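Student: This is the structure I have questions about; it appears just below.
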Protein chains: 2
Amino acid sequence: MEIPISLDPDNRQSLQAQLHAQVRALILGGRLHPGTPLPPSRALAQQLGVSRNTVMLAYQRLTAEGYLQSREALGTFVSNELPESCLMAMRSAAPAAVAGEALPTRRPIPFQGRAHAVAGARRLTWDFWLGRPDPHSFPFKLWRRLLNRALAGAGTHFTDYGDPAGLPALRHAIAEHLGPARGIAVDPEQIVVVGGCQEGLDLSARLLLREGDSVAIENPAYQGAAYLYESYRARLLPVNVDSGGLRVAELPEDGAALLYVTPSHQYPMGFTLSLERRLRLLDWAWRTGTYIVEDDYDSDFRYRGSPIPALMGLDTHGCVIYLGTFSKALGAGLRLGYLVVPRQLVAPARTAKALHDNGRPWLEQAVLAEFIASGAYANHLRRIRQLYVERRECLIDCLHEHFGAAQVTGSEGGMHLAWQLPPELPRASALQALAAEHGVGIYTLQSGAAHDFGGGPWHDQVVMLGFSSLGVKQIRTGIERLAAAVAAARSPAAPPLPAREPSVARRGQALRPRAL
Amino acid sequence: MEIPISLDPDNRQSLQAQLHAQVRALILGGRLHPGTPLPPSRALAQQLGVSRNTVMLAYQRLTAEGYLQSREALGTFVSNELPESCLMAMRSAAPAAVAGEALPTRRPIPFQGRAHAVAGARRLTWDFWLGRPDPHSFPFKLWRRLLNRALAGAGTHFTDYGDPAGLPALRHAIAEHLGPARGIAVDPEQIVVVGGCQEGLDLSARLLLREGDSVAIENPAYQGAAYLYESYRARLLPVNVDSGGLRVAELPEDGAALLYVTPSHQYPMGFTLSLERRLRLLDWAWRTGTYIVEDDYDSDFRYRGSPIPALMGLDTHGCVIYLGTFSKALGAGLRLGYLVVPRQLVAPARTAKALHDNGRPWLEQAVLAEFIASGAYANHLRRIRQLYVERRECLIDCLHEHFGAAQVTGSEGGMHLAWQLPPELPRASALQALAAEHGVGIYTLQSGAAHDFGGGPWHDQVVMLGFSSLGVKQIRTGIERLAAAVAAARSPAAPPLPAREPSVARRGQALRPRAL
């Protein structure tokens, strides 16, 4: 083992004294732990270009002081019993980074940002978490085959930089997919491969925003977008949504630096932006010189009616930046998505992406390209659409069964729906807490990665339920338990429900939750 | 196949007319290509919830107009022979994004940036390109084994979001590596996994910079850093370097928002920042409240002398952000590196990373974690260090042999050296052009991903030579050819050298370049 020591022959201190001080500092700084072997004196002398005697004398002094221990035939080690005085010195000499004392430099940190909610540690037994694909749906076998095939042809792809805008084969495959699927005719040059929608949002913000610029945004909106623009110190202009999507008539007359919108399946409410509003929106964008950022995060799932062409497919003036992701149809662990930019943004987007991170990793881009081009992606989409349509219907049926004419929106597509609570139920936050006590995860707008700017009709009156990662049996049990919990809360005499599935508890088995 | 059509029953136009207009627009917009089959009328009627007759009548009209063709028993297709009038309409009706006309919206694009040079298409036969690992050195076999093992234990890692700061196992492995290797005692919490140094630079800029802030930077500097800060509209304050590294005495007295520095192996000149200057630099940073961004891009390779502990390892005040990368020791195609931040930046860095892209992909983080933890990374480093030390010595020997007492700097470590050209040789740019004519790639500062702010002694007098991706035979031939090219340029009567390796040309074989 080499240890990081550097001796300066021109220093007033002797080489031996320098060596002593530096080894001592490494120990006190916590960089050489108790019990760590030191290099043999001969090896260290060679490394440092000094006489062996210099090293031996330094080691002897450190041993005498209790920092080092010498063990017959084994060599020299950092002492396991550092004297109390050492430990005290350690506390005062250790750098802040080690000791955990925050000693900020005098300048305040300019970055200000709030973290948006993503699926985290929360794992309730019946968790209607949002936007999470069924973990069993991932095409493991095929993925493994394609990975191994890509590896065999890796050539210099691991060792060289690739195109910062993404692997050409993948951009081509995405372009081919977008034409029929979303009505967007696109040249692969216009595509920038990014790490999911979130990086697409960031990259478009880097292209279009300066401090203090205004950003028009849906109200309520996706938290990851709202907090991102906030961190760029943009001025946010919330525009309400209704059952036809964004209320285009309420857009600011003088435009904005950008407008963020989720036309296919408004996040969080699930509304679809009507064709008429789409056309009026595009007209507004052109008239006011506003760029539209179209986040099409879950448009792969459409269960009723025809898909409406993406805004970008209707745009004739190059006002739209389109964001797509593979986090919903495949999985967020891949961190793959794409940005489609109008022609005039191709060069700046490429430069911004290169300056940002020189592009995405090669291997999974290569695998995904083959997965799409071979038709496997289209098959996969068909399969999971079928799965999700069943779950969606089951969830709606259960809500109706237990809560009467439950008013749900957004069920025509996507992976979640929004339930506008009737007056006789508790408010959303109270209902969420009640449900959680019974092992059921349902989400208010704020906890469901949405941001409510206020002023809308939905404050604490909406819960969001994702249905894509739960089987129909879990969905049924989850809603039954929710109904029972509500009933029990009304008549406090009723016995509380066990927090876990009774059959499991009874058998006493340590079953892993299905999702793991 | 579903096509993106949406009919509005409340529209004044009949459903049939709407359908006609929308299919026509899809064809004219280039979204349905000639020869594409249309859905059977029964299927489309079902999709749209209209009578089959409506669809049949719309198809008939489009066929009569020449847009569609009906083929007996096969169905209806987009016409292969669109009438001239259609094609003209296509040109005028197609959106800008399709037709390639840039119709920018009125607002100018705020992003201003220059793209830095990364290894691109250039592939000369003897290419001394910079910072490129030997493509044959990548541990393919082990990597494949670890990939397949990780896949087998993937669980929900593909479908769920991970920690935005990176896979805990990888952060732990990196922390363990940094202690002995760089003298940095670090808690895994302080590590953020990023996509190579470039993303580390970007993330630290996002944390620390506001428009117009000043950034102190080495002169000459790494282009990827200089252009990045420029794109953040920072005010760049270049500080000259000499053989002791950054001239710390010339740092601005009132500090800066951040200082960018490459202490281990200054990019591009290869100098090592002396220990004395390191301590003075840290003192300056603390006194002025400046954050230091320490880019330690190639410190894994040290051939002479002891490694000097990283700045972060010497820092007692939490002023340093450390950047490391796996692009040099493993390969840039992995896009993996890390940022180590002082305690007070842990929370903001995590939030900034989440808002930026929700973290890096799972699979290769898992593989790399295992690669490091198992000790394979240490072995790999030893192996390639040995390889590179031979190449470095060969290159220095060849330069001395052909160009006398060639003055090279930066050869104590890293993957390239800088050659300060003697007066009798052409200027760097002329020498690069001459070499390229003979199939030899050598690089001026600017073409070698460095930026010279001017005012230094090296303008057009330095060429950079990377030695890590060429075998000793290639290095020898490359320098021989360079010497011959210089000699030939002096006596123009001499016959020109063939641009490719003679033995290959003679055999007439279409050999793939070694790198592929």
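How things are named: the first chain in the structure tokens is A, the next is B, and so on; residues count from 1 in each chain; ligands count from 1 in the order shown.
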Using the chain letters and numbers from this document, which residues of region 422-495 of chain A does DSSP assign to alpha helix (DSSP H), as a PyMOL selection string?

Tutor: chain A and resi 428-437+472-490

Student: From the options A:Leu275, A:Leu74, A:Ala165, A:Ala433, which residue's atoms come nearest to chain B, counting only C-alpha atoms?

Tutor: A:Leu275

Student: May I have the residues within 12 Å of Trp284 (chain B) as a PDB file with all heavy atoms, in the first residue's frame, using only C-alpha atoms and disregarding those fewer than 2 positions away in the same chain?

Tutor:
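Final file, part19.pdb:
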```
ATOM      1  N   THR A 105     -17.817  28.303   4.732  1.00  0.00           N
ATOM      2  CA  THR A 105     -17.026  29.468   4.390  1.00  0.00           C
ATOM      3  C   THR A 105     -17.969  30.664   4.466  1.00  0.00           C
ATOM      4  O   THR A 105     -19.173  30.515   4.571  1.00  0.00           O
ATOM      5  CB  THR A 105     -16.452  29.318   2.979  1.00  0.00           C
ATOM      6  OG1 THR A 105     -17.523  29.030   2.111  1.00  0.00           O
ATOM      7  CG2 THR A 105     -15.446  28.207   2.915  1.00  0.00           C
TER       8      THR A 105
ATOM      9  N   VAL B 248      -0.245  30.627  -6.813  1.00  0.00           N
ATOM     10  CA  VAL B 248      -1.177  30.959  -5.739  1.00  0.00           C
ATOM     11  C   VAL B 248      -1.058  32.423  -5.328  1.00  0.00           C
ATOM     12  O   VAL B 248      -2.044  33.068  -4.950  1.00  0.00           O
ATOM     13  CB  VAL B 248      -0.940  30.001  -4.548  1.00  0.00           C
ATOM     14  CG1 VAL B 248      -1.723  30.418  -3.338  1.00  0.00           C
ATOM     15  CG2 VAL B 248      -1.308  28.565  -4.964  1.00  0.00           C
ATOM     16  N   ALA B 249       0.162  32.961  -5.441  1.00  0.00           N
ATOM     17  CA  ALA B 249       0.388  34.350  -5.011  1.00  0.00           C
ATOM     18  C   ALA B 249      -0.412  35.326  -5.878  1.00  0.00           C
ATOM     19  O   ALA B 249      -0.656  36.456  -5.468  1.00  0.00           O
ATOM     20  CB  ALA B 249       1.869  34.676  -5.078  1.00  0.00           C
ATOM     21  N   GLU B 250      -0.820  34.885  -7.095  1.00  0.00           N
ATOM     22  CA  GLU B 250      -1.515  35.793  -7.994  1.00  0.00           C
ATOM     23  C   GLU B 250      -3.036  35.690  -7.886  1.00  0.00           C
ATOM     24  O   GLU B 250      -3.766  36.261  -8.698  1.00  0.00           O
ATOM     25  CB  GLU B 250      -1.075  35.523  -9.443  1.00  0.00           C
ATOM     26  CG  GLU B 250       0.402  35.824  -9.652  1.00  0.00           C
ATOM     27  CD  GLU B 250       0.905  35.468 -11.057  1.00  0.00           C
ATOM     28  OE1 GLU B 250       0.065  35.202 -11.952  1.00  0.00           O
ATOM     29  OE2 GLU B 250       2.130  35.454 -11.244  1.00  0.00           O
ATOM     30  N   LEU B 251      -3.515  34.940  -6.916  1.00  0.00           N
ATOM     31  CA  LEU B 251      -4.974  34.813  -6.758  1.00  0.00           C
ATOM     32  C   LEU B 251      -5.576  36.145  -6.327  1.00  0.00           C
ATOM     33  O   LEU B 251      -4.941  36.911  -5.597  1.00  0.00           O
ATOM     34  CB  LEU B 251      -5.285  33.740  -5.708  1.00  0.00           C
ATOM     35  CG  LEU B 251      -5.088  32.303  -6.189  1.00  0.00           C
ATOM     36  CD1 LEU B 251      -5.100  31.342  -5.010  1.00  0.00           C
ATOM     37  CD2 LEU B 251      -6.176  31.916  -7.195  1.00  0.00           C
ATOM     38  N   PRO B 252      -6.779  36.436  -6.749  1.00  0.00           N
ATOM     39  CA  PRO B 252      -7.398  37.714  -6.390  1.00  0.00           C
ATOM     40  C   PRO B 252      -7.588  37.831  -4.873  1.00  0.00           C
ATOM     41  O   PRO B 252      -8.088  36.900  -4.245  1.00  0.00           O
ATOM     42  CB  PRO B 252      -8.739  37.690  -7.125  1.00  0.00           C
ATOM     43  CG  PRO B 252      -8.983  36.264  -7.483  1.00  0.00           C
ATOM     44  CD  PRO B 252      -7.644  35.626  -7.624  1.00  0.00           C
ATOM     45  N   GLU B 253      -7.220  38.965  -4.327  1.00  0.00           N
ATOM     46  CA  GLU B 253      -7.220  39.155  -2.878  1.00  0.00           C
ATOM     47  C   GLU B 253      -8.620  39.010  -2.271  1.00  0.00           C
ATOM     48  O   GLU B 253      -8.784  38.584  -1.137  1.00  0.00           O
ATOM     49  CB  GLU B 253      -6.632  40.522  -2.513  1.00  0.00           C
ATOM     50  CG  GLU B 253      -5.280  40.426  -1.815  1.00  0.00           C
ATOM     51  CD  GLU B 253      -5.145  39.243  -0.867  1.00  0.00           C
ATOM     52  OE1 GLU B 253      -5.849  39.217   0.146  1.00  0.00           O
ATOM     53  OE2 GLU B 253      -4.330  38.315  -1.127  1.00  0.00           O
ATOM     54  N   ASP B 254      -9.642  39.389  -3.041  1.00  0.00           N
ATOM     55  CA  ASP B 254     -10.994  39.330  -2.471  1.00  0.00           C
ATOM     56  C   ASP B 254     -11.714  38.026  -2.814  1.00  0.00           C
ATOM     57  O   ASP B 254     -12.921  37.917  -2.643  1.00  0.00           O
ATOM     58  CB  ASP B 254     -11.811  40.549  -2.895  1.00  0.00           C
ATOM     59  CG  ASP B 254     -11.761  40.766  -4.395  1.00  0.00           C
ATOM     60  OD1 ASP B 254     -10.962  40.070  -5.065  1.00  0.00           O
ATOM     61  OD2 ASP B 254     -12.512  41.608  -4.902  1.00  0.00           O
ATOM     62  N   GLY B 255     -10.972  37.036  -3.311  1.00  0.00           N
ATOM     63  CA  GLY B 255     -11.589  35.733  -3.541  1.00  0.00           C
ATOM     64  C   GLY B 255     -12.483  35.707  -4.765  1.00  0.00           C
ATOM     65  O   GLY B 255     -12.450  36.607  -5.605  1.00  0.00           O
ATOM     66  N   ALA B 256     -13.279  34.653  -4.839  1.00  0.00           N
ATOM     67  CA  ALA B 256     -14.167  34.440  -5.978  1.00  0.00           C
ATOM     68  C   ALA B 256     -15.276  33.513  -5.502  1.00  0.00           C
ATOM     69  O   ALA B 256     -15.235  33.003  -4.388  1.00  0.00           O
ATOM     70  CB  ALA B 256     -13.393  33.806  -7.126  1.00  0.00           C
ATOM     71  N   LEU B 258     -15.889  30.681  -6.876  1.00  0.00           N
ATOM     72  CA  LEU B 258     -15.178  29.405  -6.823  1.00  0.00           C
ATOM     73  C   LEU B 258     -13.866  29.511  -7.568  1.00  0.00           C
ATOM     74  O   LEU B 258     -13.685  30.391  -8.414  1.00  0.00           O
ATOM     75  CB  LEU B 258     -16.037  28.244  -7.333  1.00  0.00           C
ATOM     76  CG  LEU B 258     -16.379  28.057  -8.797  1.00  0.00           C
ATOM     77  CD1 LEU B 258     -15.258  27.364  -9.574  1.00  0.00           C
ATOM     78  CD2 LEU B 258     -17.642  27.203  -8.924  1.00  0.00           C
ATOM     79  N   LEU B 259     -12.961  28.600  -7.217  1.00  0.00           N
ATOM     80  CA  LEU B 259     -11.692  28.461  -7.919  1.00  0.00           C
ATOM     81  C   LEU B 259     -11.645  27.056  -8.494  1.00  0.00           C
ATOM     82  O   LEU B 259     -11.885  26.084  -7.777  1.00  0.00           O
ATOM     83  CB  LEU B 259     -10.515  28.624  -6.961  1.00  0.00           C
ATOM     84  CG  LEU B 259      -9.176  28.063  -7.493  1.00  0.00           C
ATOM     85  CD1 LEU B 259      -8.600  28.964  -8.564  1.00  0.00           C
ATOM     86  CD2 LEU B 259      -8.175  27.870  -6.372  1.00  0.00           C
ATOM     87  N   ARG B 277       2.275  25.309  -1.851  1.00  0.00           N
ATOM     88  CA  ARG B 277       1.219  26.092  -2.500  1.00  0.00           C
ATOM     89  C   ARG B 277      -0.166  25.571  -2.123  1.00  0.00           C
ATOM     90  O   ARG B 277      -1.125  26.328  -2.024  1.00  0.00           O
ATOM     91  CB  ARG B 277       1.391  26.067  -4.014  1.00  0.00           C
ATOM     92  CG  ARG B 277       2.548  26.926  -4.485  1.00  0.00           C
ATOM     93  CD  ARG B 277       2.457  27.213  -5.965  1.00  0.00           C
ATOM     94  NE  ARG B 277       3.662  27.888  -6.426  1.00  0.00           N
ATOM     95  CZ  ARG B 277       3.939  28.111  -7.703  1.00  0.00           C
ATOM     96  NH1 ARG B 277       3.092  27.698  -8.650  1.00  0.00           N
ATOM     97  NH2 ARG B 277       5.040  28.730  -8.059  1.00  0.00           N
ATOM     98  N   ARG B 278      -0.263  24.253  -1.930  1.00  0.00           N
ATOM     99  CA  ARG B 278      -1.565  23.707  -1.520  1.00  0.00           C
ATOM    100  C   ARG B 278      -2.016  24.318  -0.203  1.00  0.00           C
ATOM    101  O   ARG B 278      -3.173  24.706  -0.045  1.00  0.00           O
ATOM    102  CB  ARG B 278      -1.490  22.182  -1.373  1.00  0.00           C
ATOM    103  CG  ARG B 278      -1.442  21.481  -2.705  1.00  0.00           C
ATOM    104  CD  ARG B 278      -1.299  19.969  -2.589  1.00  0.00           C
ATOM    105  NE  ARG B 278      -0.871  19.499  -3.899  1.00  0.00           N
ATOM    106  CZ  ARG B 278      -1.463  18.543  -4.612  1.00  0.00           C
ATOM    107  NH1 ARG B 278      -2.463  17.868  -4.105  1.00  0.00           N
ATOM    108  NH2 ARG B 278      -1.030  18.220  -5.806  1.00  0.00           N
ATOM    109  N   LEU B 279      -1.064  24.381   0.723  1.00  0.00           N
ATOM    110  CA  LEU B 279      -1.431  24.909   2.037  1.00  0.00           C
ATOM    111  C   LEU B 279      -1.772  26.391   1.944  1.00  0.00           C
ATOM    112  O   LEU B 279      -2.743  26.857   2.550  1.00  0.00           O
ATOM    113  CB  LEU B 279      -0.303  24.637   3.034  1.00  0.00           C
ATOM    114  CG  LEU B 279      -0.042  23.128   3.259  1.00  0.00           C
ATOM    115  CD1 LEU B 279       1.196  22.910   4.120  1.00  0.00           C
ATOM    116  CD2 LEU B 279      -1.269  22.441   3.884  1.00  0.00           C
ATOM    117  N   ARG B 280      -1.014  27.116   1.127  1.00  0.00           N
ATOM    118  CA  ARG B 280      -1.316  28.539   0.961  1.00  0.00           C
ATOM    119  C   ARG B 280      -2.652  28.753   0.249  1.00  0.00           C
ATOM    120  O   ARG B 280      -3.403  29.692   0.552  1.00  0.00           O
ATOM    121  CB  ARG B 280      -0.176  29.241   0.216  1.00  0.00           C
ATOM    122  CG  ARG B 280       0.975  29.600   1.176  1.00  0.00           C
ATOM    123  CD  ARG B 280       2.227  30.071   0.478  1.00  0.00           C
ATOM    124  NE  ARG B 280       1.944  31.106  -0.511  1.00  0.00           N
ATOM    125  CZ  ARG B 280       2.688  31.348  -1.598  1.00  0.00           C
ATOM    126  NH1 ARG B 280       3.761  30.602  -1.824  1.00  0.00           N
ATOM    127  NH2 ARG B 280       2.373  32.308  -2.423  1.00  0.00           N
ATOM    128  N   LEU B 281      -2.916  27.877  -0.702  1.00  0.00           N
ATOM    129  CA  LEU B 281      -4.183  27.965  -1.432  1.00  0.00           C
ATOM    130  C   LEU B 281      -5.372  27.755  -0.492  1.00  0.00           C
ATOM    131  O   LEU B 281      -6.370  28.481  -0.536  1.00  0.00           O
ATOM    132  CB  LEU B 281      -4.192  26.911  -2.545  1.00  0.00           C
ATOM    133  CG  LEU B 281      -5.448  26.798  -3.383  1.00  0.00           C
ATOM    134  CD1 LEU B 281      -5.783  28.132  -4.028  1.00  0.00           C
ATOM    135  CD2 LEU B 281      -5.266  25.732  -4.468  1.00  0.00           C
ATOM    136  N   LEU B 282      -5.255  26.751   0.381  1.00  0.00           N
ATOM    137  CA  LEU B 282      -6.345  26.476   1.324  1.00  0.00           C
ATOM    138  C   LEU B 282      -6.543  27.656   2.263  1.00  0.00           C
ATOM    139  O   LEU B 282      -7.673  28.017   2.603  1.00  0.00           O
ATOM    140  CB  LEU B 282      -6.044  25.196   2.116  1.00  0.00           C
ATOM    141  CG  LEU B 282      -6.164  23.907   1.303  1.00  0.00           C
ATOM    142  CD1 LEU B 282      -5.559  22.737   2.070  1.00  0.00           C
ATOM    143  CD2 LEU B 282      -7.627  23.634   0.950  1.00  0.00           C
ATOM    144  N   TRP B 286     -10.005  29.862   2.617  1.00  0.00           N
ATOM    145  CA  TRP B 286     -10.689  30.066   3.895  1.00  0.00           C
ATOM    146  C   TRP B 286     -10.809  31.561   4.209  1.00  0.00           C
ATOM    147  O   TRP B 286     -11.864  32.055   4.604  1.00  0.00           O
ATOM    148  CB  TRP B 286      -9.930  29.322   4.999  1.00  0.00           C
ATOM    149  CG  TRP B 286     -10.406  29.622   6.376  1.00  0.00           C
ATOM    150  CD1 TRP B 286      -9.660  30.130   7.409  1.00  0.00           C
ATOM    151  CD2 TRP B 286     -11.734  29.446   6.886  1.00  0.00           C
ATOM    152  NE1 TRP B 286     -10.437  30.268   8.515  1.00  0.00           N
ATOM    153  CE2 TRP B 286     -11.718  29.868   8.231  1.00  0.00           C
ATOM    154  CE3 TRP B 286     -12.913  28.979   6.339  1.00  0.00           C
ATOM    155  CZ2 TRP B 286     -12.844  29.847   9.036  1.00  0.00           C
ATOM    156  CZ3 TRP B 286     -14.054  28.956   7.135  1.00  0.00           C
ATOM    157  CH2 TRP B 286     -14.011  29.386   8.470  1.00  0.00           C
ATOM    158  N   ARG B 287      -9.710  32.274   3.950  1.00  0.00           N
ATOM    159  CA  ARG B 287      -9.677  33.708   4.258  1.00  0.00           C
ATOM    160  C   ARG B 287     -10.697  34.471   3.412  1.00  0.00           C
ATOM    161  O   ARG B 287     -11.358  35.392   3.888  1.00  0.00           O
ATOM    162  CB  ARG B 287      -8.266  34.225   3.958  1.00  0.00           C
ATOM    163  CG  ARG B 287      -7.792  35.341   4.840  1.00  0.00           C
ATOM    164  CD  ARG B 287      -6.322  35.674   4.579  1.00  0.00           C
ATOM    165  NE  ARG B 287      -6.057  36.044   3.201  1.00  0.00           N
ATOM    166  CZ  ARG B 287      -5.216  35.419   2.394  1.00  0.00           C
ATOM    167  NH1 ARG B 287      -4.527  34.379   2.816  1.00  0.00           N
ATOM    168  NH2 ARG B 287      -5.033  35.826   1.155  1.00  0.00           N
ATOM    169  N   THR B 288     -10.826  34.074   2.135  1.00  0.00           N
ATOM    170  CA  THR B 288     -11.676  34.848   1.221  1.00  0.00           C
ATOM    171  C   THR B 288     -13.065  34.245   1.061  1.00  0.00           C
ATOM    172  O   THR B 288     -13.895  34.788   0.339  1.00  0.00           O
ATOM    173  CB  THR B 288     -11.029  34.931  -0.174  1.00  0.00           C
ATOM    174  OG1 THR B 288     -10.892  33.593  -0.680  1.00  0.00           O
ATOM    175  CG2 THR B 288      -9.680  35.611  -0.124  1.00  0.00           C
ATOM    176  N   GLY B 289     -13.334  33.101   1.693  1.00  0.00           N
ATOM    177  CA  GLY B 289     -14.644  32.474   1.536  1.00  0.00           C
ATOM    178  C   GLY B 289     -14.872  31.926   0.136  1.00  0.00           C
ATOM    179  O   GLY B 289     -15.979  31.973  -0.389  1.00  0.00           O
ATOM    180  N   THR B 290     -13.826  31.406  -0.459  1.00  0.00           N
ATOM    181  CA  THR B 290     -13.933  30.852  -1.821  1.00  0.00           C
ATOM    182  C   THR B 290     -14.008  29.330  -1.761  1.00  0.00           C
ATOM    183  O   THR B 290     -13.264  28.700  -1.005  1.00  0.00           O
ATOM    184  CB  THR B 290     -12.690  31.248  -2.647  1.00  0.00           C
ATOM    185  OG1 THR B 290     -12.572  32.670  -2.650  1.00  0.00           O
ATOM    186  CG2 THR B 290     -12.796  30.721  -4.074  1.00  0.00           C
ATOM    187  N   TYR B 291     -14.910  28.748  -2.526  1.00  0.00           N
ATOM    188  CA  TYR B 291     -14.904  27.286  -2.656  1.00  0.00           C
ATOM    189  C   TYR B 291     -13.897  26.876  -3.723  1.00  0.00           C
ATOM    190  O   TYR B 291     -13.831  27.486  -4.790  1.00  0.00           O
ATOM    191  CB  TYR B 291     -16.279  26.765  -3.046  1.00  0.00           C
ATOM    192  CG  TYR B 291     -17.176  26.532  -1.850  1.00  0.00           C
ATOM    193  CD1 TYR B 291     -18.192  27.422  -1.535  1.00  0.00           C
ATOM    194  CD2 TYR B 291     -16.991  25.420  -1.038  1.00  0.00           C
ATOM    195  CE1 TYR B 291     -19.011  27.218  -0.436  1.00  0.00           C
ATOM    196  CE2 TYR B 291     -17.802  25.203   0.069  1.00  0.00           C
ATOM    197  CZ  TYR B 291     -18.804  26.098   0.368  1.00  0.00           C
ATOM    198  OH  TYR B 291     -19.592  25.877   1.450  1.00  0.00           O
ATOM    199  N   ILE B 292     -13.149  25.818  -3.418  1.00  0.00           N
ATOM    200  CA  ILE B 292     -12.199  25.270  -4.391  1.00  0.00           C
ATOM    201  C   ILE B 292     -12.828  24.036  -5.027  1.00  0.00           C
ATOM    202  O   ILE B 292     -13.300  23.145  -4.325  1.00  0.00           O
ATOM    203  CB  ILE B 292     -10.884  24.859  -3.699  1.00  0.00           C
ATOM    204  CG1 ILE B 292     -10.192  26.083  -3.099  1.00  0.00           C
ATOM    205  CG2 ILE B 292      -9.967  24.128  -4.677  1.00  0.00           C
ATOM    206  CD1 ILE B 292      -8.962  25.736  -2.275  1.00  0.00           C
ATOM    207  N   ASP B 315      -7.643  19.893   3.688  1.00  0.00           N
ATOM    208  CA  ASP B 315      -8.564  20.972   4.039  1.00  0.00           C
ATOM    209  C   ASP B 315      -9.166  20.742   5.421  1.00  0.00           C
ATOM    210  O   ASP B 315      -9.678  19.672   5.715  1.00  0.00           O
ATOM    211  CB  ASP B 315      -9.669  21.004   2.979  1.00  0.00           C
ATOM    212  CG  ASP B 315     -10.748  22.030   3.280  1.00  0.00           C
ATOM    213  OD1 ASP B 315     -10.444  23.024   3.956  1.00  0.00           O
ATOM    214  OD2 ASP B 315     -11.883  21.826   2.807  1.00  0.00           O
ATOM    215  N   HIS B 317     -11.332  23.122   6.708  1.00  0.00           N
ATOM    216  CA  HIS B 317     -12.432  24.070   6.854  1.00  0.00           C
ATOM    217  C   HIS B 317     -13.612  23.829   5.926  1.00  0.00           C
ATOM    218  O   HIS B 317     -14.504  24.665   5.833  1.00  0.00           O
ATOM    219  CB  HIS B 317     -11.924  25.496   6.648  1.00  0.00           C
ATOM    220  CG  HIS B 317     -11.015  25.947   7.737  1.00  0.00           C
ATOM    221  ND1 HIS B 317      -9.669  26.027   7.570  1.00  0.00           N
ATOM    222  CD2 HIS B 317     -11.265  26.315   9.011  1.00  0.00           C
ATOM    223  CE1 HIS B 317      -9.117  26.443   8.693  1.00  0.00           C
ATOM    224  NE2 HIS B 317     -10.056  26.612   9.588  1.00  0.00           N
ATOM    225  N   CYS B 319     -13.706  23.779   2.607  1.00  0.00           N
ATOM    226  CA  CYS B 319     -13.696  24.710   1.471  1.00  0.00           C
ATOM    227  C   CYS B 319     -13.590  23.991   0.138  1.00  0.00           C
ATOM    228  O   CYS B 319     -13.625  24.644  -0.901  1.00  0.00           O
ATOM    229  CB  CYS B 319     -12.489  25.643   1.541  1.00  0.00           C
ATOM    230  SG  CYS B 319     -12.402  26.634   3.021  1.00  0.00           S
ATOM    231  N   VAL B 320     -13.359  22.662   0.156  1.00  0.00           N
ATOM    232  CA  VAL B 320     -13.003  21.981  -1.090  1.00  0.00           C
ATOM    233  C   VAL B 320     -14.101  21.024  -1.542  1.00  0.00           C
ATOM    234  O   VAL B 320     -14.658  20.278  -0.736  1.00  0.00           O
ATOM    235  CB  VAL B 320     -11.672  21.195  -0.925  1.00  0.00           C
ATOM    236  CG1 VAL B 320     -11.311  20.463  -2.209  1.00  0.00           C
ATOM    237  CG2 VAL B 320     -10.548  22.131  -0.510  1.00  0.00           C
TER     238      VAL B 320
END
```

Student: Please provide the set of residues having any atom within 7 Å of region 367-370 of chain B, restricted to only C-alpha atoms, with same-chain residues fewer than 2 positions apart removed, written as number ranges by chain.

Tutor: B: 146-147, 150, 169-170, 173, 363-365, 372-374

Student: For the selection you just gave me, I'd like the residues written to a file as a PDB file, in the first residue's frame, keeping C-alpha atoms.

Tutor:
```pdb
ATOM      1  CA  LEU B 146     -20.461  -8.820 -12.671  1.00  0.00           C
ATOM      2  CA  LEU B 147     -23.185  -7.477 -14.974  1.00  0.00           C
ATOM      3  CA  ALA B 150     -26.106  -7.851 -10.793  1.00  0.00           C
ATOM      4  CA  ALA B 169     -22.840   0.422  -2.116  1.00  0.00           C
ATOM      5  CA  LEU B 170     -20.934   2.423  -4.719  1.00  0.00           C
ATOM      6  CA  ALA B 173     -16.751   1.615  -2.071  1.00  0.00           C
ATOM      7  CA  LEU B 363     -26.922  -1.320 -13.293  1.00  0.00           C
ATOM      8  CA  GLU B 364     -23.438   0.016 -13.903  1.00  0.00           C
ATOM      9  CA  GLN B 365     -23.314   1.602 -10.466  1.00  0.00           C
ATOM     10  CA  ILE B 372     -14.120  -1.773  -6.464  1.00  0.00           C
ATOM     11  CA  ALA B 373     -15.154  -3.618  -3.305  1.00  0.00           C
ATOM     12  CA  SER B 374     -13.784  -6.944  -4.555  1.00  0.00           C
TER      13      SER B 374
END
```
